[in-house]
>>> print(open('final-v5.txt').read())   # compact mmCIF, C-alpha atoms and all ligand atoms
# COMPACT_ATOMS: atom_id res chain seq x y z
CA MET B 1 2.91 70.32 38.57
CA LYS B 2 2.41 72.98 35.91
CA THR B 3 1.24 76.40 37.03
CA LEU B 4 -2.01 77.98 35.88
CA LYS B 5 0.01 80.38 33.73
CA GLN B 6 1.80 77.49 31.99
CA ILE B 7 -1.46 75.67 31.41
CA ILE B 8 -3.02 78.74 29.83
CA GLN B 9 0.05 79.24 27.63
CA GLU B 10 -0.26 75.62 26.47
CA ALA B 11 -3.95 76.07 25.65
CA GLU B 12 -3.05 79.20 23.68
CA LYS B 13 -0.37 77.33 21.73
CA ASN B 14 -2.55 74.26 21.07
CA LYS B 15 -5.61 76.33 20.10
CA VAL B 16 -7.87 74.80 22.71
CA ALA B 17 -9.68 76.44 25.64
CA ILE B 18 -9.63 75.65 29.34
CA GLY B 19 -13.07 75.21 30.88
CA HIS B 20 -13.87 77.61 33.75
CA PHE B 21 -16.95 76.47 35.66
CA ASN B 22 -18.68 78.27 38.50
CA ILE B 23 -19.82 76.50 41.63
CA SER B 24 -22.03 77.39 44.57
CA GLU B 25 -21.42 74.31 46.66
CA CYS B 26 -19.71 70.96 46.93
CA ALA B 27 -21.83 68.93 44.47
CA GLY B 28 -20.83 71.29 41.68
CA LEU B 29 -17.17 70.91 42.50
CA LYS B 30 -17.44 67.11 42.58
CA GLY B 31 -19.27 66.94 39.22
CA ILE B 32 -16.79 69.25 37.48
CA PHE B 33 -13.76 67.52 38.94
CA LYS B 34 -15.05 64.10 37.85
CA ALA B 35 -15.60 65.37 34.29
CA ALA B 36 -12.11 66.88 34.12
CA GLN B 37 -10.51 63.72 35.52
CA GLU B 38 -12.32 61.50 33.00
CA LEU B 39 -10.91 63.59 30.17
CA ASN B 40 -7.60 64.20 31.93
CA LEU B 41 -7.88 67.95 31.37
CA PRO B 42 -6.95 70.91 33.52
CA VAL B 43 -9.89 72.88 34.86
CA ILE B 44 -10.61 76.19 36.55
CA ILE B 45 -13.25 76.54 39.24
CA GLY B 46 -14.85 79.97 39.46
CA VAL B 47 -16.75 81.64 42.24
CA SER B 48 -18.41 85.03 42.01
CA GLU B 49 -18.59 87.28 45.07
CA GLY B 50 -22.01 85.75 45.82
CA GLU B 51 -20.86 82.16 45.31
CA ALA B 52 -17.67 82.70 47.32
CA GLY B 53 -19.64 84.41 50.07
CA PHE B 54 -21.95 81.42 50.30
CA ILE B 55 -19.23 78.74 50.46
CA GLY B 56 -16.67 80.91 52.24
CA TYR B 57 -13.50 82.28 50.60
CA ARG B 58 -11.14 80.22 52.74
CA GLN B 59 -13.38 77.17 52.57
CA VAL B 60 -13.58 77.06 48.76
CA ALA B 61 -9.84 77.69 48.50
CA GLY B 62 -9.26 74.79 50.90
CA LEU B 63 -11.52 72.46 48.90
CA VAL B 64 -9.85 73.17 45.56
CA LYS B 65 -6.35 73.02 47.05
CA SER B 66 -7.13 69.68 48.71
CA LEU B 67 -8.15 68.17 45.35
CA ARG B 68 -5.06 69.57 43.66
CA GLU B 69 -2.79 68.12 46.32
CA GLU B 70 -4.49 64.80 46.95
CA TYR B 71 -4.81 63.93 43.25
CA ASN B 72 -1.78 65.91 42.05
CA TYR B 73 -4.22 67.45 39.60
CA PRO B 74 -4.24 70.77 37.70
CA ILE B 75 -7.41 72.27 39.19
CA PHE B 76 -7.34 76.00 39.96
CA LEU B 77 -9.55 78.60 41.60
CA ASN B 78 -10.58 82.02 40.30
CA LEU B 79 -12.54 84.82 41.98
CA ASP B 80 -14.96 85.75 39.22
CA HIS B 81 -16.39 89.24 38.62
CA ALA B 82 -15.02 90.87 41.76
CA LYS B 83 -16.23 94.44 41.99
CA SER B 84 -13.86 95.73 44.68
CA LEU B 85 -10.25 95.55 45.79
CA GLU B 86 -11.51 94.45 49.20
CA LYS B 87 -12.94 91.19 47.77
CA ILE B 88 -9.83 90.68 45.66
CA LYS B 89 -7.74 90.92 48.85
CA GLU B 90 -9.97 88.40 50.59
CA ALA B 91 -9.52 85.91 47.75
CA VAL B 92 -5.79 86.42 47.39
CA GLU B 93 -5.24 86.00 51.11
CA ALA B 94 -7.39 82.86 51.11
CA GLY B 95 -5.15 81.28 48.46
CA PHE B 96 -6.99 81.75 45.14
CA ASP B 97 -4.93 81.17 41.99
CA ALA B 98 -6.49 83.97 39.95
CA VAL B 99 -8.82 86.92 40.33
CA MET B 100 -10.99 88.74 37.87
CA PHE B 101 -11.71 92.40 38.43
CA ASP B 102 -14.94 93.40 36.73
CA GLY B 103 -14.86 97.07 35.87
CA GLY B 104 -17.00 96.51 32.78
CA GLY B 105 -19.69 98.82 34.16
CA LEU B 106 -17.22 101.68 34.77
CA SER B 107 -16.03 104.30 32.32
CA PHE B 108 -12.97 103.20 30.35
CA GLU B 109 -10.69 105.56 32.33
CA GLU B 110 -12.09 104.49 35.70
CA ASN B 111 -11.78 100.83 34.68
CA ILE B 112 -8.08 101.35 33.84
CA LYS B 113 -7.48 103.15 37.14
CA LYS B 114 -9.18 100.51 39.32
CA THR B 115 -7.70 97.58 37.38
CA LYS B 116 -4.21 99.06 37.80
CA GLU B 117 -4.72 99.18 41.58
CA VAL B 118 -5.77 95.52 41.55
CA VAL B 119 -2.80 94.46 39.41
CA GLU B 120 -0.39 96.34 41.66
CA TYR B 121 -1.79 94.82 44.83
CA VAL B 122 -1.92 91.25 43.44
CA LYS B 123 1.56 91.41 41.92
CA ASN B 124 3.04 92.70 45.20
CA PHE B 125 1.25 90.01 47.15
CA SER B 126 2.40 87.32 44.70
CA ALA B 127 6.00 88.50 44.94
CA SER B 128 5.92 88.43 48.74
CA ARG B 129 4.69 84.81 48.70
CA GLN B 130 6.82 83.70 45.75
CA THR B 131 3.78 82.60 43.84
CA GLU B 132 1.99 83.91 40.77
CA ILE B 133 -1.65 84.90 41.07
CA LEU B 134 -3.13 85.90 37.73
CA VAL B 135 -5.28 88.97 37.18
CA GLU B 136 -8.04 89.15 34.60
CA ALA B 137 -10.08 92.22 33.73
CA GLU B 138 -13.04 93.04 31.52
CA ILE B 139 -13.61 95.80 29.02
CA GLY B 140 -16.84 96.43 27.21
CA TYR B 141 -20.05 95.64 28.99
CA LEU B 142 -21.59 92.16 29.12
CA LYS B 143 -25.37 92.21 29.44
CA GLY B 144 -27.50 89.62 31.25
CA SER B 145 -26.81 87.49 34.32
CA SER B 146 -26.15 83.77 34.86
CA THR B 147 -29.74 82.61 34.74
CA LEU B 148 -32.44 81.65 32.22
CA LEU B 149 -33.37 84.80 30.34
CA ALA B 150 -37.00 85.32 29.47
CA GLU B 151 -36.41 88.27 27.17
CA THR B 152 -34.16 88.58 24.17
CA ILE B 153 -31.11 90.78 24.61
CA ILE B 154 -29.97 92.85 21.67
CA ILE B 155 -26.24 93.47 21.44
CA LYS B 156 -25.29 96.71 19.74
CA GLU B 157 -22.00 97.69 18.17
CA GLU B 158 -21.29 100.07 21.06
CA ASP B 159 -21.55 97.19 23.57
CA LEU B 160 -18.57 95.46 21.97
CA THR B 161 -14.99 95.95 23.11
CA LYS B 162 -13.18 98.40 20.85
CA THR B 163 -9.98 96.97 19.48
CA GLU B 164 -7.91 100.13 20.13
CA GLU B 165 -9.18 100.28 23.70
CA ALA B 166 -8.18 96.65 24.28
CA ALA B 167 -4.61 97.44 23.23
CA GLN B 168 -4.43 100.55 25.44
CA PHE B 169 -6.05 98.76 28.39
CA VAL B 170 -3.59 95.87 28.39
CA LYS B 171 -0.60 98.17 28.01
CA GLU B 172 -1.63 100.51 30.82
CA THR B 173 -2.91 97.98 33.36
CA GLY B 174 -0.53 95.03 32.93
CA VAL B 175 -3.32 92.44 33.31
CA ASP B 176 -2.55 88.80 32.55
CA LEU B 177 -5.87 87.92 30.94
CA LEU B 178 -8.51 89.94 29.13
CA ALA B 179 -12.27 89.32 28.97
CA PRO B 180 -13.74 91.19 26.00
CA SER B 181 -17.33 91.81 24.99
CA VAL B 182 -17.61 90.12 21.60
CA GLY B 183 -21.29 89.32 21.23
CA ASN B 184 -21.43 87.22 24.40
CA ILE B 185 -23.95 87.76 27.21
CA HIS B 186 -24.31 86.24 30.67
CA GLY B 187 -27.12 83.70 30.91
CA MET B 188 -29.02 81.83 28.24
CA PHE B 189 -32.28 82.28 26.44
CA LYS B 190 -34.97 79.82 27.47
CA ASN B 191 -35.93 78.69 24.00
CA ALA B 192 -33.26 79.84 21.59
CA PRO B 193 -29.49 79.75 21.24
CA ASN B 194 -27.56 82.80 22.37
CA PRO B 195 -26.54 85.50 19.86
CA ASN B 196 -23.66 84.71 17.54
CA LEU B 197 -20.19 85.80 18.56
CA ASN B 198 -18.27 88.41 16.60
CA ILE B 199 -15.36 86.22 15.52
CA GLU B 200 -13.60 88.98 13.57
CA ARG B 201 -13.56 91.18 16.67
CA ILE B 202 -12.03 88.36 18.72
CA LYS B 203 -9.24 88.03 16.12
CA GLU B 204 -8.57 91.76 16.08
CA ILE B 205 -8.49 92.02 19.87
CA LYS B 206 -6.24 88.98 20.16
CA ASN B 207 -3.82 90.53 17.66
CA VAL B 208 -3.43 93.77 19.55
CA ALA B 209 -3.80 92.52 23.14
CA GLY B 210 -1.02 89.95 22.98
CA ILE B 211 -2.32 88.16 26.09
CA PRO B 212 -4.74 85.21 26.50
CA LEU B 213 -8.42 86.06 26.04
CA VAL B 214 -11.25 84.79 28.21
CA LEU B 215 -14.77 84.26 26.88
CA HIS B 216 -17.45 84.89 29.48
CA GLY B 217 -21.10 83.96 29.17
CA GLY B 218 -20.44 80.58 27.56
CA SER B 219 -23.84 79.05 28.33
CA GLY B 220 -26.15 78.83 25.33
CA ILE B 221 -23.50 79.57 22.69
CA ILE B 222 -23.64 77.19 19.71
CA ASP B 223 -20.81 74.68 19.31
CA ASP B 224 -19.60 76.10 16.02
CA ASP B 225 -19.19 79.58 17.50
CA PHE B 226 -17.14 78.13 20.36
CA LEU B 227 -14.78 76.40 17.94
CA LYS B 228 -14.39 79.51 15.80
CA ALA B 229 -13.83 81.64 18.91
CA ILE B 230 -11.10 79.29 20.14
CA ASP B 231 -9.37 79.40 16.76
CA ALA B 232 -9.66 83.18 16.82
CA GLY B 233 -7.81 83.44 20.15
CA ILE B 234 -9.98 82.47 23.13
CA SER B 235 -8.04 80.41 25.71
CA ILE B 236 -10.49 80.14 28.64
CA ILE B 237 -14.29 79.77 28.50
CA HIS B 238 -16.63 80.51 31.40
CA ILE B 239 -19.77 78.43 31.93
CA ASN B 240 -22.20 78.97 34.76
CA THR B 241 -25.90 78.97 33.76
CA GLU B 242 -25.73 75.55 32.07
CA LEU B 243 -24.38 74.04 35.29
CA ARG B 244 -26.96 75.84 37.41
CA LEU B 245 -29.60 74.35 35.15
CA ALA B 246 -28.04 70.90 35.48
CA TRP B 247 -27.98 71.34 39.27
CA ARG B 248 -31.69 72.13 39.31
CA LYS B 249 -32.54 69.32 36.90
CA GLY B 250 -30.60 66.85 39.05
CA MET B 251 -32.24 68.08 42.23
CA ASP B 252 -35.75 67.83 40.75
CA LYS B 253 -34.97 64.31 39.51
CA ALA B 254 -33.49 63.23 42.85
CA LEU B 255 -36.53 64.42 44.79
CA LYS B 256 -38.98 62.94 42.31
CA GLU B 257 -37.29 59.54 42.30
CA ASN B 258 -36.81 59.47 46.08
CA PRO B 259 -39.76 61.31 47.59
CA GLU B 260 -39.16 59.93 51.10
CA GLU B 261 -35.38 60.28 51.17
CA ILE B 262 -33.91 62.83 53.56
CA VAL B 263 -30.22 61.86 53.47
CA PRO B 264 -28.34 64.50 51.44
CA TYR B 265 -25.50 62.20 50.38
CA LYS B 266 -28.03 59.78 48.92
CA LEU B 267 -29.82 62.48 46.91
CA LEU B 268 -26.88 64.58 45.78
CA PRO B 269 -25.12 61.98 43.57
CA ILE B 270 -27.92 62.56 41.04
CA VAL B 271 -27.12 66.28 41.05
CA ILE B 272 -23.40 65.55 40.71
CA GLU B 273 -24.07 63.30 37.72
CA GLU B 274 -26.07 65.99 35.89
CA ILE B 275 -23.30 68.53 36.50
CA ARG B 276 -20.63 66.02 35.46
CA LYS B 277 -22.39 65.40 32.14
CA ALA B 278 -22.79 69.11 31.40
CA ALA B 279 -19.15 69.93 32.25
CA TYR B 280 -17.89 66.85 30.37
CA ASN B 281 -19.57 67.86 27.12
CA ARG B 282 -18.24 71.39 27.31
CA LEU B 283 -14.69 70.30 28.18
CA LYS B 284 -14.70 67.83 25.31
CA LEU B 285 -15.75 70.50 22.85
CA PHE B 286 -13.35 73.16 24.14
CA ASN B 287 -10.47 70.71 23.79
CA LYS B 288 -11.56 69.44 20.37
CA LEU B 289 -11.78 65.83 21.59
O1 LIG B 301 -18.29 84.41 34.77
C1 LIG B 301 -19.17 83.55 34.55
C2 LIG B 301 -19.61 83.34 33.24
O2 LIG B 301 -19.28 84.30 32.36
C3 LIG B 301 -20.75 82.45 32.99
O3 LIG B 301 -21.68 82.90 32.06
O4 LIG B 301 -23.75 81.89 32.98
O5 LIG B 301 -23.65 82.67 30.65
O6 LIG B 301 -22.41 80.65 31.33
P1 LIG B 301 -22.95 81.97 31.74
ZN ZN B 302 -18.67 86.14 33.47
>>> encode(input="final-v5.txt", output="structure tokens")
Amino acid sequence: MKTLKQIIQEAEKNKVAIGHFNISECAGLKGIFKAAQELNLPVIIGVSEGEAGFIGYRQVAGLVKSLREEYNYPIFLNLDHAKSLEKIKEAVEAGFDAVMFDGGGLSFEENIKKTKEVVEYVKNFSASRQTEILVEAEIGYLKGSSTLLAETIIIKEEDLTKTEEAAQFVKETGVDLLAPSVGNIHGMFKNAPNPNLNIERIKEIKNVAGIPLVLHGGSGIIDDDFLKAIDAGISIIHINTELRLAWRKGMDKALKENPEEIVPYKLLPIVIEEIRKAAYNRLKLFNKL
């Protein structure tokens, strides 16, 4: 089977993006996996520190690995927005395929320093196990959080990743993947699409970075912006809020339609179906199908 690195390189070459979807539990994983299988596309499952803490680092790694092995399927696991080397170590030792160190809130110099430590640790670990765990890092600060946002967020020029800093960051840290701030935010507005992406900035960063770019905060972005961003150099797109919303919608529907039901495996298929639909539509778009 192809490695995650090879799959990302293919996406880069074919100008499509791999869907990265966050989960908090098993229904999410089932819905996303079904969607990917139906389209026969590789997929990345993401868990933040909170999500991984809830499922268990070793448990989520075991679930994803079991799907990969049983179905001989390119499904991979990423620790998303890790804030410390300690959590990165926990994920790497549990068998994650990739980790993202989020130093977006740190000063540029501090971000470089901490990211370098993460890269060094992960690369040494990978070498000792003869495997290749990928490291992603973020520069520029992404506002919001993966939820429905009541208030509008204004993105200013200074919030965006500076092209020169992207070049320096990649060179000094040796990261495999870069998550820039290019007009994206985490979460989605309740009643309006998210702000437009800065497509020119994506192109500039891609030119100087020379590594695959990851777009965070995918929920709520309009389709046309996604397609332009992919053509400009985005190879992985993160979606969380839209699936959380689908989870809640499915749960409300399941309870409403079955007010007396108490058996989880009879209620949860409705949740899985809502998540499947949401992931399916995004995967289709990201792969220009
Ligand atoms: O890392 C996770 C994502 O960037 C998800 O962002 O909740 O806006 O889709 P989102
Ligand atoms: Zn993110």
>>> residues_near_ligand(input="final-v5.txt", ligand="ligand LIG 301 (chain B)", cutoff="7 Å", atoms="all atoms listed in the file", output="NGL selection string")
:B and (22 or 80-81 or 145-147 or 185-188 or 216-219 or 238-242)
>>> residues_around(input="final-v5.txt", residues="segment 190-197 of chain B", least_positions_apart="4", cutoff="6 Å", atoms="only C-alpha atoms", output="ChimeraX atom specification")
/B:148-149,182-183,220-221
>>> closest_atom_pairs(input="final-v5.txt", of="segment 92-126 of chain B", to="segment 64-68 of chain B", cutoff="12 Å", atoms="all atoms listed in the file", output="CSV")
residue,atom,partner,partner_atom,distance
B:Ala94,CA,B:Lys65,CA,10.7
B:Gly95,CA,B:Lys65,CA,8.5
B:Phe96,CA,B:Lys65,CA,9.0
B:Asp97,CA,B:Lys65,CA,9.7
>>> closest_residue(input="final-v5.txt", among="B:Ile222, B:Ala82, B:Leu4, B:Val119", to="ligand ZN 302 (chain B)", atoms="only C-alpha atoms and all ligand atoms")
B:Ala82
>>> closest_residue(input="final-v5.txt", among="B:Thr163, B:Asn72, B:Asn207, B:Asn184", to="ligand ZN 302 (chain B)", atoms="all atoms listed in the file")
B:Asn184
>>> atom_distance(input="final-v5.txt", atom1="atom CA of Tyr280 of chain B", atom2="atom CA of Val16 of chain B")
14.9 Å
>>> atom_distance(input="final-v5.txt", atom1="atom CA of Lys249 of chain B", atom2="atom CA of Phe33 of chain B")
19.0 Å
>>> residues_around(input="final-v5.txt", residues="Leu178 of chain B", least_positions_apart="2", cutoff="9 Å", atoms="only C-alpha atoms", output="compact mmCIF listing (two decimals) with C-alpha atoms, in the frame of the given file")
# COMPACT_ATOMS: atom_id res chain seq x y z
CA VAL B 135 -5.28 88.97 37.18
CA GLU B 136 -8.04 89.15 34.60
CA ALA B 137 -10.08 92.22 33.73
CA GLU B 138 -13.04 93.04 31.52
CA ILE B 139 -13.61 95.80 29.02
CA ALA B 166 -8.18 96.65 24.28
CA VAL B 170 -3.59 95.87 28.39
CA VAL B 175 -3.32 92.44 33.31
CA ASP B 176 -2.55 88.80 32.55
CA PRO B 180 -13.74 91.19 26.00
CA ALA B 209 -3.80 92.52 23.14
CA ILE B 211 -2.32 88.16 26.09
CA PRO B 212 -4.74 85.21 26.50
CA LEU B 213 -8.42 86.06 26.04
CA VAL B 214 -11.25 84.79 28.21
CA LEU B 215 -14.77 84.26 26.88
>>> closest_residue(input="final-v5.txt", among="B:Val43, B:Leu289, B:Leu177, B:Ile262", to="Gly210 of chain B", atoms="all atoms listed in the file")
B:Leu177
>>> closest_residue(input="final-v5.txt", among="B:Ser126, B:Lys277, B:Ser107, B:Phe189", to="Ala150 of chain B", atoms="all atoms listed in the file")
B:Phe189
>>> atom_distance(input="final-v5.txt", atom1="atom CA of Gln6 of chain B", atom2="atom CA of Gln168 of chain B")
24.8 Å
>>> closest_residue(input="final-v5.txt", among="B:Leu63, B:Ile199, B:Ile32, B:Leu142", to="ligand ZN 302 (chain B)", atoms="all atoms listed in the file")
B:Leu142
>>> decode(input="final-v5.txt", residues="segment 189-215 of chain B", atoms="N, CA, C and O atoms", output="PDB file, in the first residue's frame")
ATOM      1  N   PHE B 189     -19.480  30.536  10.398  1.00  0.00           N
ATOM      2  CA  PHE B 189     -20.512  31.481  10.799  1.00  0.00           C
ATOM      3  C   PHE B 189     -21.872  30.810  10.693  1.00  0.00           C
ATOM      4  O   PHE B 189     -22.121  30.032   9.774  1.00  0.00           O
ATOM      5  N   LYS B 190     -22.750  31.159  11.613  1.00  0.00           N
ATOM      6  CA  LYS B 190     -24.080  30.541  11.633  1.00  0.00           C
ATOM      7  C   LYS B 190     -24.861  30.818  10.362  1.00  0.00           C
ATOM      8  O   LYS B 190     -25.467  29.923   9.797  1.00  0.00           O
ATOM      9  N   ASN B 191     -24.848  32.063   9.916  1.00  0.00           N
ATOM     10  CA  ASN B 191     -25.736  32.413   8.809  1.00  0.00           C
ATOM     11  C   ASN B 191     -25.060  33.010   7.586  1.00  0.00           C
ATOM     12  O   ASN B 191     -25.693  33.653   6.776  1.00  0.00           O
ATOM     13  N   ALA B 192     -23.793  32.807   7.468  1.00  0.00           N
ATOM     14  CA  ALA B 192     -23.084  33.376   6.306  1.00  0.00           C
ATOM     15  C   ALA B 192     -21.890  32.502   5.971  1.00  0.00           C
ATOM     16  O   ALA B 192     -21.380  31.784   6.837  1.00  0.00           O
ATOM     17  N   PRO B 193     -21.447  32.544   4.706  1.00  0.00           N
ATOM     18  CA  PRO B 193     -20.232  31.782   4.388  1.00  0.00           C
ATOM     19  C   PRO B 193     -19.024  32.388   5.086  1.00  0.00           C
ATOM     20  O   PRO B 193     -19.060  33.544   5.502  1.00  0.00           O
ATOM     21  N   ASN B 194     -17.976  31.613   5.209  1.00  0.00           N
ATOM     22  CA  ASN B 194     -16.757  32.118   5.837  1.00  0.00           C
ATOM     23  C   ASN B 194     -16.075  33.148   4.927  1.00  0.00           C
ATOM     24  O   ASN B 194     -16.396  33.231   3.749  1.00  0.00           O
ATOM     25  N   PRO B 195     -15.121  33.887   5.470  1.00  0.00           N
ATOM     26  CA  PRO B 195     -14.421  34.895   4.645  1.00  0.00           C
ATOM     27  C   PRO B 195     -13.746  34.232   3.442  1.00  0.00           C
ATOM     28  O   PRO B 195     -13.429  33.039   3.484  1.00  0.00           O
ATOM     29  N   ASN B 196     -13.517  35.016   2.413  1.00  0.00           N
ATOM     30  CA  ASN B 196     -12.813  34.487   1.243  1.00  0.00           C
ATOM     31  C   ASN B 196     -11.346  34.216   1.568  1.00  0.00           C
ATOM     32  O   ASN B 196     -10.755  34.899   2.396  1.00  0.00           O
ATOM     33  N   LEU B 197     -10.799  33.242   0.873  1.00  0.00           N
ATOM     34  CA  LEU B 197      -9.380  32.927   1.060  1.00  0.00           C
ATOM     35  C   LEU B 197      -8.532  33.884   0.226  1.00  0.00           C
ATOM     36  O   LEU B 197      -8.997  34.397  -0.794  1.00  0.00           O
ATOM     37  N   ASN B 198      -7.301  34.061   0.648  1.00  0.00           N
ATOM     38  CA  ASN B 198      -6.372  34.893  -0.114  1.00  0.00           C
ATOM     39  C   ASN B 198      -5.579  33.956  -1.046  1.00  0.00           C
ATOM     40  O   ASN B 198      -4.551  33.393  -0.666  1.00  0.00           O
ATOM     41  N   ILE B 199      -6.101  33.793  -2.242  1.00  0.00           N
ATOM     42  CA  ILE B 199      -5.543  32.814  -3.184  1.00  0.00           C
ATOM     43  C   ILE B 199      -4.126  33.203  -3.628  1.00  0.00           C
ATOM     44  O   ILE B 199      -3.245  32.346  -3.741  1.00  0.00           O
ATOM     45  N   GLU B 200      -3.902  34.494  -3.819  1.00  0.00           N
ATOM     46  CA  GLU B 200      -2.559  34.942  -4.218  1.00  0.00           C
ATOM     47  C   GLU B 200      -1.525  34.562  -3.173  1.00  0.00           C
ATOM     48  O   GLU B 200      -0.422  34.138  -3.487  1.00  0.00           O
ATOM     49  N   ARG B 201      -1.910  34.731  -1.883  1.00  0.00           N
ATOM     50  CA  ARG B 201      -0.971  34.412  -0.809  1.00  0.00           C
ATOM     51  C   ARG B 201      -0.667  32.907  -0.796  1.00  0.00           C
ATOM     52  O   ARG B 201       0.463  32.492  -0.545  1.00  0.00           O
ATOM     53  N   ILE B 202      -1.677  32.101  -1.068  1.00  0.00           N
ATOM     54  CA  ILE B 202      -1.426  30.645  -1.118  1.00  0.00           C
ATOM     55  C   ILE B 202      -0.383  30.346  -2.205  1.00  0.00           C
ATOM     56  O   ILE B 202       0.577  29.610  -1.977  1.00  0.00           O
ATOM     57  N   LYS B 203      -0.579  30.957  -3.381  1.00  0.00           N
ATOM     58  CA  LYS B 203       0.372  30.731  -4.499  1.00  0.00           C
ATOM     59  C   LYS B 203       1.786  31.135  -4.109  1.00  0.00           C
ATOM     60  O   LYS B 203       2.744  30.400  -4.342  1.00  0.00           O
ATOM     61  N   GLU B 204       1.899  32.312  -3.499  1.00  0.00           N
ATOM     62  CA  GLU B 204       3.232  32.813  -3.125  1.00  0.00           C
ATOM     63  C   GLU B 204       3.893  31.878  -2.107  1.00  0.00           C
ATOM     64  O   GLU B 204       5.070  31.540  -2.233  1.00  0.00           O
ATOM     65  N   ILE B 205       3.114  31.468  -1.109  1.00  0.00           N
ATOM     66  CA  ILE B 205       3.682  30.600  -0.068  1.00  0.00           C
ATOM     67  C   ILE B 205       4.090  29.255  -0.668  1.00  0.00           C
ATOM     68  O   ILE B 205       5.157  28.723  -0.376  1.00  0.00           O
ATOM     69  N   LYS B 206       3.229  28.726  -1.528  1.00  0.00           N
ATOM     70  CA  LYS B 206       3.538  27.442  -2.164  1.00  0.00           C
ATOM     71  C   LYS B 206       4.843  27.545  -2.956  1.00  0.00           C
ATOM     72  O   LYS B 206       5.691  26.646  -2.904  1.00  0.00           O
ATOM     73  N   ASN B 207       5.020  28.644  -3.665  1.00  0.00           N
ATOM     74  CA  ASN B 207       6.241  28.842  -4.463  1.00  0.00           C
ATOM     75  C   ASN B 207       7.494  28.811  -3.633  1.00  0.00           C
ATOM     76  O   ASN B 207       8.484  28.210  -4.017  1.00  0.00           O
ATOM     77  N   VAL B 208       7.458  29.474  -2.472  1.00  0.00           N
ATOM     78  CA  VAL B 208       8.691  29.550  -1.679  1.00  0.00           C
ATOM     79  C   VAL B 208       8.853  28.365  -0.723  1.00  0.00           C
ATOM     80  O   VAL B 208       9.973  27.995  -0.391  1.00  0.00           O
ATOM     81  N   ALA B 209       7.736  27.782  -0.281  1.00  0.00           N
ATOM     82  CA  ALA B 209       7.827  26.723   0.735  1.00  0.00           C
ATOM     83  C   ALA B 209       8.364  25.426   0.128  1.00  0.00           C
ATOM     84  O   ALA B 209       9.159  24.718   0.747  1.00  0.00           O
ATOM     85  N   GLY B 210       7.880  25.099  -1.059  1.00  0.00           N
ATOM     86  CA  GLY B 210       8.363  23.882  -1.729  1.00  0.00           C
ATOM     87  C   GLY B 210       7.909  22.591  -1.074  1.00  0.00           C
ATOM     88  O   GLY B 210       8.444  21.521  -1.353  1.00  0.00           O
ATOM     89  N   ILE B 211       6.962  22.670  -0.153  1.00  0.00           N
ATOM     90  CA  ILE B 211       6.411  21.449   0.457  1.00  0.00           C
ATOM     91  C   ILE B 211       4.884  21.533   0.366  1.00  0.00           C
ATOM     92  O   ILE B 211       4.333  22.615   0.137  1.00  0.00           O
ATOM     93  N   PRO B 212       4.176  20.404   0.557  1.00  0.00           N
ATOM     94  CA  PRO B 212       2.704  20.450   0.475  1.00  0.00           C
ATOM     95  C   PRO B 212       2.091  21.371   1.537  1.00  0.00           C
ATOM     96  O   PRO B 212       2.568  21.432   2.671  1.00  0.00           O
ATOM     97  N   LEU B 213       1.055  22.078   1.142  1.00  0.00           N
ATOM     98  CA  LEU B 213       0.360  22.989   2.057  1.00  0.00           C
ATOM     99  C   LEU B 213      -0.956  22.382   2.533  1.00  0.00           C
ATOM    100  O   LEU B 213      -1.651  21.690   1.773  1.00  0.00           O
ATOM    101  N   VAL B 214      -1.289  22.685   3.775  1.00  0.00           N
ATOM    102  CA  VAL B 214      -2.504  22.166   4.395  1.00  0.00           C
ATOM    103  C   VAL B 214      -3.428  23.337   4.714  1.00  0.00           C
ATOM    104  O   VAL B 214      -3.001  24.313   5.340  1.00  0.00           O
ATOM    105  N   LEU B 215      -4.684  23.230   4.285  1.00  0.00           N
ATOM    106  CA  LEU B 215      -5.650  24.292   4.598  1.00  0.00           C
ATOM    107  C   LEU B 215      -6.494  23.864   5.797  1.00  0.00           C
ATOM    108  O   LEU B 215      -7.242  22.883   5.717  1.00  0.00           O
TER     109      LEU B 215
END
